[in-house]
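Undergrad: Structure below; questions to follow.
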Amino acid sequence: MEKSGKITFQLDQGETESFYVLEQTRIGGSNYILVADSQEGDGEAMILKDTSEDGDEEGIFAVVEDEEELAAVAGVFESMLEDVEFTD
């Protein structure tokens, strides 16, 4: 997966949605990506966790909702990217 590229997700309902990949990291054996609806400036961002199994043809990503996991991963992304700050 390429940083700062655009990635398209197929949602459960069959619809698609595209986001910019701002950064990616691996923590505790899991892959995470930071995606946003805008490549620059303020925008909506989400942290997604790769939940796919070895051998899956396509990646399966889920929004990180666990508060402790989200805070830990957000902290890593904030330290990786100087101009990123997460707010509720």
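In the structure tokens, each chain is lettered A, B, ... as it comes, each chain's residues begin at 1, and ligands are numbered from 1 in order of appearance.
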Please give the complete set of residues from region 23-78 of chain A that DSSP, run on the backbone, assigns to strand (DSSP E), formatted as a PyMOL selection string.
TA: chain A and resi 23-27+30-36+45-50+61-63
Undergrad: Find the residues around region 52-56 of chain A up to 12 Å (only C-alpha atoms counted), leave out those fewer than 6 positions away in its own chain, and share them as an mmCIF file with C-alpha atoms, in the first residue's frame.
TA:
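In the end it all went to part.cif:
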data_model
loop_
_atom_site.group_PDB
_atom_site.id
_atom_site.type_symbol
_atom_site.label_atom_id
_atom_site.label_comp_id
_atom_site.auth_asym_id
_atom_site.auth_seq_id
_atom_site.Cartn_x
_atom_site.Cartn_y
_atom_site.Cartn_z
ATOM 1 C CA SER A 30 -1.431 -5.550 13.336
ATOM 2 C CA ASN A 31 -1.345 -3.146 10.400
ATOM 3 C CA TYR A 32 -3.029 0.247 10.701
ATOM 4 C CA ALA A 62 -12.315 -1.996 10.052
#
Undergrad: Kindly indicate which residue among A:Gly14, A:Gly29, A:Glu57, A:Tyr20 lies nearest to Glu44 (chain A), using only C-alpha atoms for the distances.
TA: A:Tyr20
Undergrad: Residues within 10 Å of Glu65 (chain A), please, as a PyMOL selection string. Count only C-alpha atoms; anything in the same chain fewer than 2 positions from it doesn't count.
TA: chain A and resi 46-49+62-63+67-71
Undergrad: With all heavy atoms kept, could you save the residues just selected as a JSON list (two decimals), in the first residue's frame?
TA:
[["chain", "number", "residue", "atom", "x", "y", "z"],
["A", 46, "MET", "N", -9.80, 8.82, 9.66],
["A", 46, "MET", "CA", -10.13, 7.60, 10.38],
["A", 46, "MET", "C", -8.88, 6.75, 10.47],
["A", 46, "MET", "O", -8.02, 6.79, 9.59],
["A", 46, "MET", "CB", -11.19, 6.79, 9.65],
["A", 46, "MET", "CG", -12.56, 7.41, 9.59],
["A", 46, "MET", "SD", -13.75, 6.30, 8.81],
["A", 46, "MET", "CE", -13.13, 6.26, 7.14],
["A", 47, "ILE", "N", -8.80, 5.98, 11.53],
["A", 47, "ILE", "CA", -7.75, 4.99, 11.66],
["A", 47, "ILE", "C", -8.40, 3.64, 11.41],
["A", 47, "ILE", "O", -9.39, 3.28, 12.06],
["A", 47, "ILE", "CB", -7.08, 5.04, 13.04],
["A", 47, "ILE", "CG1", -6.36, 6.37, 13.21],
["A", 47, "ILE", "CG2", -6.12, 3.86, 13.20],
["A", 47, "ILE", "CD1", -5.77, 6.59, 14.59],
["A", 48, "LEU", "N", -7.85, 2.91, 10.45],
["A", 48, "LEU", "CA", -8.39, 1.61, 10.08],
["A", 48, "LEU", "C", -7.39, 0.52, 10.41],
["A", 48, "LEU", "O", -6.17, 0.70, 10.27],
["A", 48, "LEU", "CB", -8.70, 1.57, 8.58],
["A", 48, "LEU", "CG", -9.64, 2.65, 8.05],
["A", 48, "LEU", "CD1", -9.77, 2.53, 6.54],
["A", 48, "LEU", "CD2", -11.00, 2.55, 8.71],
["A", 49, "LYS", "N", -7.90, -0.62, 10.84],
["A", 49, "LYS", "CA", -7.07, -1.78, 11.18],
["A", 49, "LYS", "C", -7.30, -2.86, 10.13],
["A", 49, "LYS", "O", -8.44, -3.16, 9.77],
["A", 49, "LYS", "CB", -7.47, -2.30, 12.55],
["A", 49, "LYS", "CG", -6.66, -3.48, 13.02],
["A", 49, "LYS", "CD", -7.11, -3.89, 14.42],
["A", 49, "LYS", "CE", -6.26, -5.01, 14.97],
["A", 49, "LYS", "NZ", -6.66, -5.33, 16.37],
["A", 62, "ALA", "N", -11.24, -2.41, 9.15],
["A", 62, "ALA", "CA", -12.32, -2.00, 10.05],
["A", 62, "ALA", "C", -11.88, -0.73, 10.78],
["A", 62, "ALA", "O", -10.70, -0.57, 11.10],
["A", 62, "ALA", "CB", -12.61, -3.10, 11.06],
["A", 63, "VAL", "N", -12.83, 0.15, 11.03],
["A", 63, "VAL", "CA", -12.56, 1.37, 11.79],
["A", 63, "VAL", "C", -12.21, 0.98, 13.22],
["A", 63, "VAL", "O", -12.89, 0.16, 13.84],
["A", 63, "VAL", "CB", -13.79, 2.30, 11.78],
["A", 63, "VAL", "CG1", -13.56, 3.52, 12.65],
["A", 63, "VAL", "CG2", -14.13, 2.72, 10.36],
["A", 67, "GLU", "N", -11.49, 2.52, 22.47],
["A", 67, "GLU", "CA", -10.89, 3.79, 22.86],
["A", 67, "GLU", "C", -9.41, 3.69, 23.21],
["A", 67, "GLU", "O", -8.62, 4.56, 22.84],
["A", 67, "GLU", "CB", -11.68, 4.40, 24.03],
["A", 67, "GLU", "CG", -13.05, 4.90, 23.61],
["A", 67, "GLU", "CD", -13.78, 5.59, 24.75],
["A", 67, "GLU", "OE1", -13.12, 6.14, 25.64],
["A", 67, "GLU", "OE2", -15.03, 5.58, 24.71],
["A", 68, "GLU", "N", -9.00, 2.64, 23.91],
["A", 68, "GLU", "CA", -7.60, 2.48, 24.28],
["A", 68, "GLU", "C", -6.73, 2.21, 23.05],
["A", 68, "GLU", "O", -5.65, 2.80, 22.90],
["A", 68, "GLU", "CB", -7.44, 1.35, 25.29],
["A", 68, "GLU", "CG", -7.96, 1.70, 26.67],
["A", 68, "GLU", "CD", -7.76, 0.57, 27.66],
["A", 68, "GLU", "OE1", -6.81, -0.22, 27.49],
["A", 68, "GLU", "OE2", -8.56, 0.50, 28.61],
["A", 69, "GLU", "N", -7.21, 1.33, 22.18],
["A", 69, "GLU", "CA", -6.46, 1.02, 20.95],
["A", 69, "GLU", "C", -6.37, 2.27, 20.07],
["A", 69, "GLU", "O", -5.31, 2.58, 19.54],
["A", 69, "GLU", "CB", -7.16, -0.12, 20.20],
["A", 69, "GLU", "CG", -6.46, -0.54, 18.93],
["A", 69, "GLU", "CD", -7.19, -1.67, 18.22],
["A", 69, "GLU", "OE1", -8.38, -1.92, 18.49],
["A", 69, "GLU", "OE2", -6.55, -2.30, 17.35],
["A", 70, "LEU", "N", -7.47, 2.99, 19.95],
["A", 70, "LEU", "CA", -7.51, 4.20, 19.13],
["A", 70, "LEU", "C", -6.54, 5.25, 19.67],
["A", 70, "LEU", "O", -5.78, 5.85, 18.90],
["A", 70, "LEU", "CB", -8.93, 4.76, 19.09],
["A", 70, "LEU", "CG", -9.16, 5.96, 18.20],
["A", 70, "LEU", "CD1", -8.83, 5.65, 16.74],
["A", 70, "LEU", "CD2", -10.60, 6.44, 18.32],
["A", 71, "ALA", "N", -6.52, 5.46, 20.97],
["A", 71, "ALA", "CA", -5.62, 6.45, 21.57],
["A", 71, "ALA", "C", -4.16, 6.07, 21.34],
["A", 71, "ALA", "O", -3.34, 6.93, 21.01],
["A", 71, "ALA", "CB", -5.90, 6.60, 23.06]]
Undergrad: Could you give me the residues within chain A that DSSP places in helix (DSSP H, G or I), as a list of chain:residue names?
TA: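 Going through chain A, the helix (DSSP H, G or I) residues come out as A:Glu67, A:Glu68, A:Glu69, A:Leu70, A:Ala71, A:Ala72, A:Val73, A:Ala74, A:Gly75, A:Val76, A:Phe77, A:Glu78, A:Ser79, A:Met80.
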Undergrad: Save the residues we just selected, all heavy atoms, as an mmCIF file, in the first residue's frame?
TA:
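Result saved to result.cif:
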data_model
loop_
_atom_site.group_PDB
_atom_site.id
_atom_site.type_symbol
_atom_site.label_atom_id
_atom_site.label_comp_id
_atom_site.auth_asym_id
_atom_site.auth_seq_id
_atom_site.Cartn_x
_atom_site.Cartn_y
_atom_site.Cartn_z
ATOM 1 N N GLU A 67 -11.486 2.516 22.470
ATOM 2 C CA GLU A 67 -10.890 3.794 22.864
ATOM 3 C C GLU A 67 -9.409 3.688 23.207
ATOM 4 O O GLU A 67 -8.623 4.560 22.844
ATOM 5 C CB GLU A 67 -11.676 4.400 24.026
ATOM 6 C CG GLU A 67 -13.047 4.898 23.609
ATOM 7 C CD GLU A 67 -13.785 5.587 24.747
ATOM 8 O OE1 GLU A 67 -13.124 6.144 25.643
ATOM 9 O OE2 GLU A 67 -15.025 5.578 24.710
ATOM 10 N N GLU A 68 -9.005 2.636 23.913
ATOM 11 C CA GLU A 68 -7.597 2.482 24.282
ATOM 12 C C GLU A 68 -6.734 2.208 23.053
ATOM 13 O O GLU A 68 -5.654 2.796 22.904
ATOM 14 C CB GLU A 68 -7.437 1.351 25.294
ATOM 15 C CG GLU A 68 -7.962 1.697 26.668
ATOM 16 C CD GLU A 68 -7.760 0.572 27.662
ATOM 17 O OE1 GLU A 68 -6.810 -0.216 27.494
ATOM 18 O OE2 GLU A 68 -8.556 0.500 28.614
ATOM 19 N N GLU A 69 -7.205 1.329 22.178
ATOM 20 C CA GLU A 69 -6.463 1.021 20.954
ATOM 21 C C GLU A 69 -6.369 2.266 20.072
ATOM 22 O O GLU A 69 -5.307 2.584 19.538
ATOM 23 C CB GLU A 69 -7.158 -0.116 20.203
ATOM 24 C CG GLU A 69 -6.461 -0.542 18.928
ATOM 25 C CD GLU A 69 -7.185 -1.673 18.215
ATOM 26 O OE1 GLU A 69 -8.384 -1.920 18.486
ATOM 27 O OE2 GLU A 69 -6.547 -2.296 17.351
ATOM 28 N N LEU A 70 -7.474 2.988 19.953
ATOM 29 C CA LEU A 70 -7.508 4.199 19.132
ATOM 30 C C LEU A 70 -6.537 5.248 19.665
ATOM 31 O O LEU A 70 -5.777 5.852 18.899
ATOM 32 C CB LEU A 70 -8.929 4.756 19.085
ATOM 33 C CG LEU A 70 -9.158 5.965 18.197
ATOM 34 C CD1 LEU A 70 -8.832 5.649 16.740
ATOM 35 C CD2 LEU A 70 -10.604 6.442 18.319
ATOM 36 N N ALA A 71 -6.518 5.455 20.973
ATOM 37 C CA ALA A 71 -5.615 6.452 21.571
ATOM 38 C C ALA A 71 -4.161 6.067 21.336
ATOM 39 O O ALA A 71 -3.335 6.928 21.005
ATOM 40 C CB ALA A 71 -5.903 6.598 23.059
ATOM 41 N N ALA A 72 -3.846 4.788 21.480
ATOM 42 C CA ALA A 72 -2.463 4.336 21.292
ATOM 43 C C ALA A 72 -2.016 4.518 19.842
ATOM 44 O O ALA A 72 -0.932 5.048 19.574
ATOM 45 C CB ALA A 72 -2.322 2.874 21.706
ATOM 46 N N VAL A 73 -2.845 4.109 18.903
ATOM 47 C CA VAL A 73 -2.475 4.208 17.488
ATOM 48 C C VAL A 73 -2.458 5.671 17.046
ATOM 49 O O VAL A 73 -1.568 6.094 16.304
ATOM 50 C CB VAL A 73 -3.425 3.363 16.608
ATOM 51 C CG1 VAL A 73 -3.074 3.508 15.140
ATOM 52 C CG2 VAL A 73 -3.377 1.897 17.016
ATOM 53 N N ALA A 74 -3.411 6.476 17.526
ATOM 54 C CA ALA A 74 -3.430 7.903 17.186
ATOM 55 C C ALA A 74 -2.154 8.579 17.672
ATOM 56 O O ALA A 74 -1.583 9.419 16.975
ATOM 57 C CB ALA A 74 -4.662 8.576 17.792
ATOM 58 N N GLY A 75 -1.679 8.202 18.851
ATOM 59 C CA GLY A 75 -0.440 8.766 19.369
ATOM 60 C C GLY A 75 0.753 8.447 18.483
ATOM 61 O O GLY A 75 1.614 9.302 18.252
ATOM 62 N N VAL A 76 0.788 7.227 17.957
ATOM 63 C CA VAL A 76 1.872 6.848 17.046
ATOM 64 C C VAL A 76 1.801 7.682 15.775
ATOM 65 O O VAL A 76 2.817 8.219 15.317
ATOM 66 C CB VAL A 76 1.812 5.330 16.721
ATOM 67 C CG1 VAL A 76 2.774 4.985 15.600
ATOM 68 C CG2 VAL A 76 2.119 4.516 17.962
ATOM 69 N N PHE A 77 0.600 7.814 15.198
ATOM 70 C CA PHE A 77 0.469 8.603 13.976
ATOM 71 C C PHE A 77 0.800 10.074 14.212
ATOM 72 O O PHE A 77 1.413 10.722 13.369
ATOM 73 C CB PHE A 77 -0.927 8.462 13.369
ATOM 74 C CG PHE A 77 -1.135 7.175 12.616
ATOM 75 C CD1 PHE A 77 -2.260 6.407 12.826
ATOM 76 C CD2 PHE A 77 -0.215 6.731 11.679
ATOM 77 C CE1 PHE A 77 -2.469 5.220 12.135
ATOM 78 C CE2 PHE A 77 -0.402 5.553 10.979
ATOM 79 C CZ PHE A 77 -1.536 4.799 11.205
ATOM 80 N N GLU A 78 0.402 10.623 15.361
ATOM 81 C CA GLU A 78 0.731 12.025 15.663
ATOM 82 C C GLU A 78 2.234 12.234 15.740
ATOM 83 O O GLU A 78 2.745 13.258 15.301
ATOM 84 C CB GLU A 78 0.061 12.475 16.960
ATOM 85 C CG GLU A 78 -1.415 12.758 16.807
ATOM 86 C CD GLU A 78 -2.074 13.223 18.092
ATOM 87 O OE1 GLU A 78 -1.540 12.946 19.195
ATOM 88 O OE2 GLU A 78 -3.133 13.844 18.008
ATOM 89 N N SER A 79 2.952 11.253 16.295
ATOM 90 C CA SER A 79 4.407 11.403 16.387
ATOM 91 C C SER A 79 5.079 11.207 15.029
ATOM 92 O O SER A 79 6.151 11.752 14.796
ATOM 93 C CB SER A 79 4.983 10.436 17.422
ATOM 94 O OG SER A 79 4.865 9.099 16.991
ATOM 95 N N MET A 80 4.456 10.444 14.139
ATOM 96 C CA MET A 80 5.014 10.214 12.812
ATOM 97 C C MET A 80 4.809 11.420 11.887
ATOM 98 O O MET A 80 5.627 11.691 11.023
ATOM 99 C CB MET A 80 4.370 8.979 12.164
ATOM 100 C CG MET A 80 4.728 7.673 12.857
ATOM 101 S SD MET A 80 3.759 6.278 12.232
ATOM 102 C CE MET A 80 4.580 6.006 10.657
#
